[in-house]
Each structure stands twice: as structure tokens, then as C-alpha cells.
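Structure below is start_28.pdb: PDB, C-alpha atoms.
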MODEL        1
ATOM      1  CA  MET A 152     -18.156  13.604 -11.649
ATOM      2  CA  ALA A 153     -17.337  10.006 -12.538
ATOM      3  CA  ALA A 154     -19.765   7.257 -11.661
ATOM      4  CA  ALA A 155     -18.828   4.915  -8.860
ATOM      5  CA  PRO A 156     -17.265   1.674 -10.081
ATOM      6  CA  SER A 157     -19.487  -1.363 -10.309
ATOM      7  CA  GLN A 158     -18.936  -4.405  -8.131
ATOM      8  CA  ALA A 159     -17.255  -6.188 -11.045
ATOM      9  CA  GLU A 160     -14.930  -3.211 -11.656
ATOM     10  CA  ARG A 161     -13.981  -3.077  -7.977
ATOM     11  CA  LYS A 162     -13.189  -6.807  -7.950
ATOM     12  CA  LYS A 163     -10.965  -6.414 -11.031
ATOM     13  CA  CYS A 164      -9.171  -3.511  -9.382
ATOM     14  CA  TRP A 165      -8.617  -5.386  -6.117
ATOM     15  CA  PHE A 166      -7.396  -8.457  -8.012
ATOM     16  CA  ALA A 167      -4.888  -6.349  -9.978
ATOM     17  CA  ARG A 168      -3.769  -4.649  -6.752
ATOM     18  CA  ASP A 169      -3.315  -7.989  -5.001
ATOM     19  CA  LEU A 170      -1.211  -9.371  -7.873
ATOM     20  CA  TYR A 171       0.968  -6.254  -7.870
ATOM     21  CA  TRP A 172       1.402  -6.265  -4.082
ATOM     22  CA  LYS A 173       2.249  -9.981  -4.119
ATOM     23  CA  CYS A 174       4.935  -9.306  -6.733
ATOM     24  CA  LEU A 175       6.365  -6.502  -4.587
ATOM     25  CA  ASP A 176       6.378  -8.724  -1.509
ATOM     26  CA  GLU A 177       8.104 -11.559  -3.365
ATOM     27  CA  ASN A 178      10.749  -9.197  -4.805
ATOM     28  CA  ASN A 179      11.613  -7.103  -1.717
ATOM     29  CA  ASP A 180       9.682  -4.117  -3.082
ATOM     30  CA  ASP A 181      11.798  -4.009  -6.261
ATOM     31  CA  LYS A 182       9.290  -2.192  -8.465
ATOM     32  CA  SER A 183      11.360  -2.824 -11.603
ATOM     33  CA  LYS A 184      10.442  -6.516 -11.389
ATOM     34  CA  CYS A 185       6.716  -5.751 -11.262
ATOM     35  CA  LEU A 186       6.295  -3.199 -14.063
ATOM     36  CA  LYS A 187       3.744  -5.193 -16.064
ATOM     37  CA  LEU A 188       1.620  -5.813 -12.995
ATOM     38  CA  ARG A 189       1.892  -2.136 -12.055
ATOM     39  CA  GLU A 190       0.680  -1.162 -15.511
ATOM     40  CA  GLN A 191      -2.233  -3.600 -15.210
ATOM     41  CA  PHE A 192      -3.037  -2.188 -11.760
ATOM     42  CA  GLU A 193      -3.022   1.395 -13.073
ATOM     43  CA  ASN A 194      -5.142   0.480 -16.107
ATOM     44  CA  THR A 195      -7.696  -1.411 -14.015
ATOM     45  CA  CYS A 196      -8.154   1.040 -11.136
ATOM     46  CA  SER A 197      -8.980   4.736 -11.137
ATOM     47  CA  LEU A 198      -6.113   7.115 -10.410
ATOM     48  CA  SER A 199      -7.563   8.018  -7.023
ATOM     49  CA  TRP A 200      -7.719   4.344  -6.044
ATOM     50  CA  VAL A 201      -4.151   3.740  -7.231
ATOM     51  CA  LYS A 202      -2.944   6.657  -5.092
ATOM     52  CA  TYR A 203      -4.953   5.408  -2.112
ATOM     53  CA  PHE A 204      -3.657   1.840  -2.414
ATOM     54  CA  ASP A 205      -0.060   3.068  -2.807
ATOM     55  CA  ARG A 206      -0.382   5.038   0.445
ATOM     56  CA  ARG A 207      -2.107   2.082   2.091
ATOM     57  CA  LYS A 208       0.717  -0.281   1.140
ATOM     58  CA  GLY A 209       3.240   2.120   2.684
ATOM     59  CA  TYR A 210       1.160   2.455   5.841
ATOM     60  CA  LEU A 211       0.777  -1.316   6.211
ATOM     61  CA  LYS A 212       4.560  -1.780   5.888
ATOM     62  CA  PHE A 213       5.131   0.943   8.504
ATOM     63  CA  LYS A 214       2.541  -0.562  10.855
ATOM     64  CA  ASP A 215       4.049  -4.039  10.497
ATOM     65  CA  LYS A 216       7.535  -2.688  11.201
ATOM     66  CA  MET A 217       6.330  -0.864  14.318
ATOM     67  CA  GLU A 218       4.491  -3.936  15.611
ATOM     68  CA  ASN A 219       7.394  -6.317  14.981
ATOM     69  CA  ASP A 220      10.503  -4.185  15.473
ATOM     70  CA  GLY A 221       9.305  -1.396  17.733
ATOM     71  CA  TYR A 222      10.737   2.065  17.267
ATOM     72  CA  GLU A 223      13.693   4.150  18.297
ATOM     73  CA  PRO A 224      12.864   7.556  19.816
ATOM     74  CA  ILE A 225      14.551  10.477  18.075
ATOM     75  CA  ASP A 226      17.548  11.801  20.025
ATOM     76  CA  GLY A 227      16.864  15.042  21.819
ATOM     77  CA  VAL A 228      13.102  14.538  21.958
ATOM     78  CA  LYS A 229      11.827  14.058  25.463
ATOM     79  CA  LYS A 230       8.649  12.215  26.248
ATOM     80  CA  LYS A 231       5.934  14.272  27.903
ATOM     81  CA  SER A 232       5.246  13.342  31.460
ATOM     82  CA  GLY A 233       1.865  13.506  33.097
ATOM     83  CA  THR A 234       2.938  16.373  35.339
ATOM     84  CA  SER A 235       4.085  19.880  34.504
TER      85      SER A 235
ENDMDL
END
Translate this file's structure into C-alpha cells.
Amino acid sequence: MAAAPSQAERKKCWFARDLYWKCLDENNDDKSKCLKLREQFENTCSLSWVKYFDRRKGYLKFKDKMENDGYEPIDGVKKKSGTS
């Protein structure tokens, strides 16, 4: 089992993640424009952290979209009512 990252290692990872995410935000999520930062992110953080942060970024985009744009119910799906 790998040792937990030190505080300095975590800060480096978060910094690399923040730079990569900023690049994605500034380039409409065009990953091809952020390849060097992605490589730095992957080399700085453990694979499990990279996977976690990738999922987190997707979740945060989804959450923001739901909060700002709302959602459209799927056709044919009825909402449950409180009575049977």
C-alpha cells in the first residue's frame, strides 16, 4: 500500500489540477489545448487522485448547469405523487 502524500505533495497536486482546470475553463473544455498541463497534472498526482478530480470536474459542471439552467424531464417519465 502506498504511503499517503505529504502536505507538500498534496499542494503540488492541487496546484497542477487548478492550472489544468483553468486551462479547460478558458478553452471551452478543449482538452487538446491543455495537453501539457494535463501531463503535468498526471505526473504530479496519483492515478486515483487524477480519476477522482476528473469525476469531480464533471460533477461540478453538471451541478452548475442544473443550478443555472434547470433541467428538462425525460418524456414519458411521470413524477411520483404523494398518493397511490
| request: Decode the PyMOL selection byres ((chain A and resi 159-164) around 9) for the given file into explicit residues and return them as a ChimeraX atom specification. | output: /A:156-158,165-169,192-197,200
| request: Provide the atom CA of Leu188 of chain A to atom CA of Cys174 of chain A distance in Å, to one decimal place. | output: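 Value for the atom CA of Leu188 of chain A-atom CA of Cys174 of chain A distance: 7.9 Å.
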| request: Kindly give the distance, in Å, that separates atom CA of Ala154 of chain A and atom CA of Val201 of chain A, rounded to a single decimal. | output: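 We find that atom CA of Ala154 of chain A and atom CA of Val201 of chain A lie 16.6 Å from each other.
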| said: What's the separation between atom CA of Lys184 of chain A and atom CA of Lys212 of chain A, in Å to one decimal place? | reply: 18.9 Å
Please determine an axis-aligned box that encloses all atoms of segment 193-205 of chain A listed in the file, with 5 Å added on each side, and express its centre and edge lengths in Å to one decimal as AutoDock Vina command-line options.
--center_x -4.5 --center_y 3.3 --center_z -9.1 --size_x 18.9 --size_y 19.4 --size_z 24.0
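Remark: for Leu211 of chain A, the closest of the candidate residues A:Ala155, A:Cys185, A:Trp172, A:Leu198 is A:Trp172 (distances computed over all atoms listed in the file).
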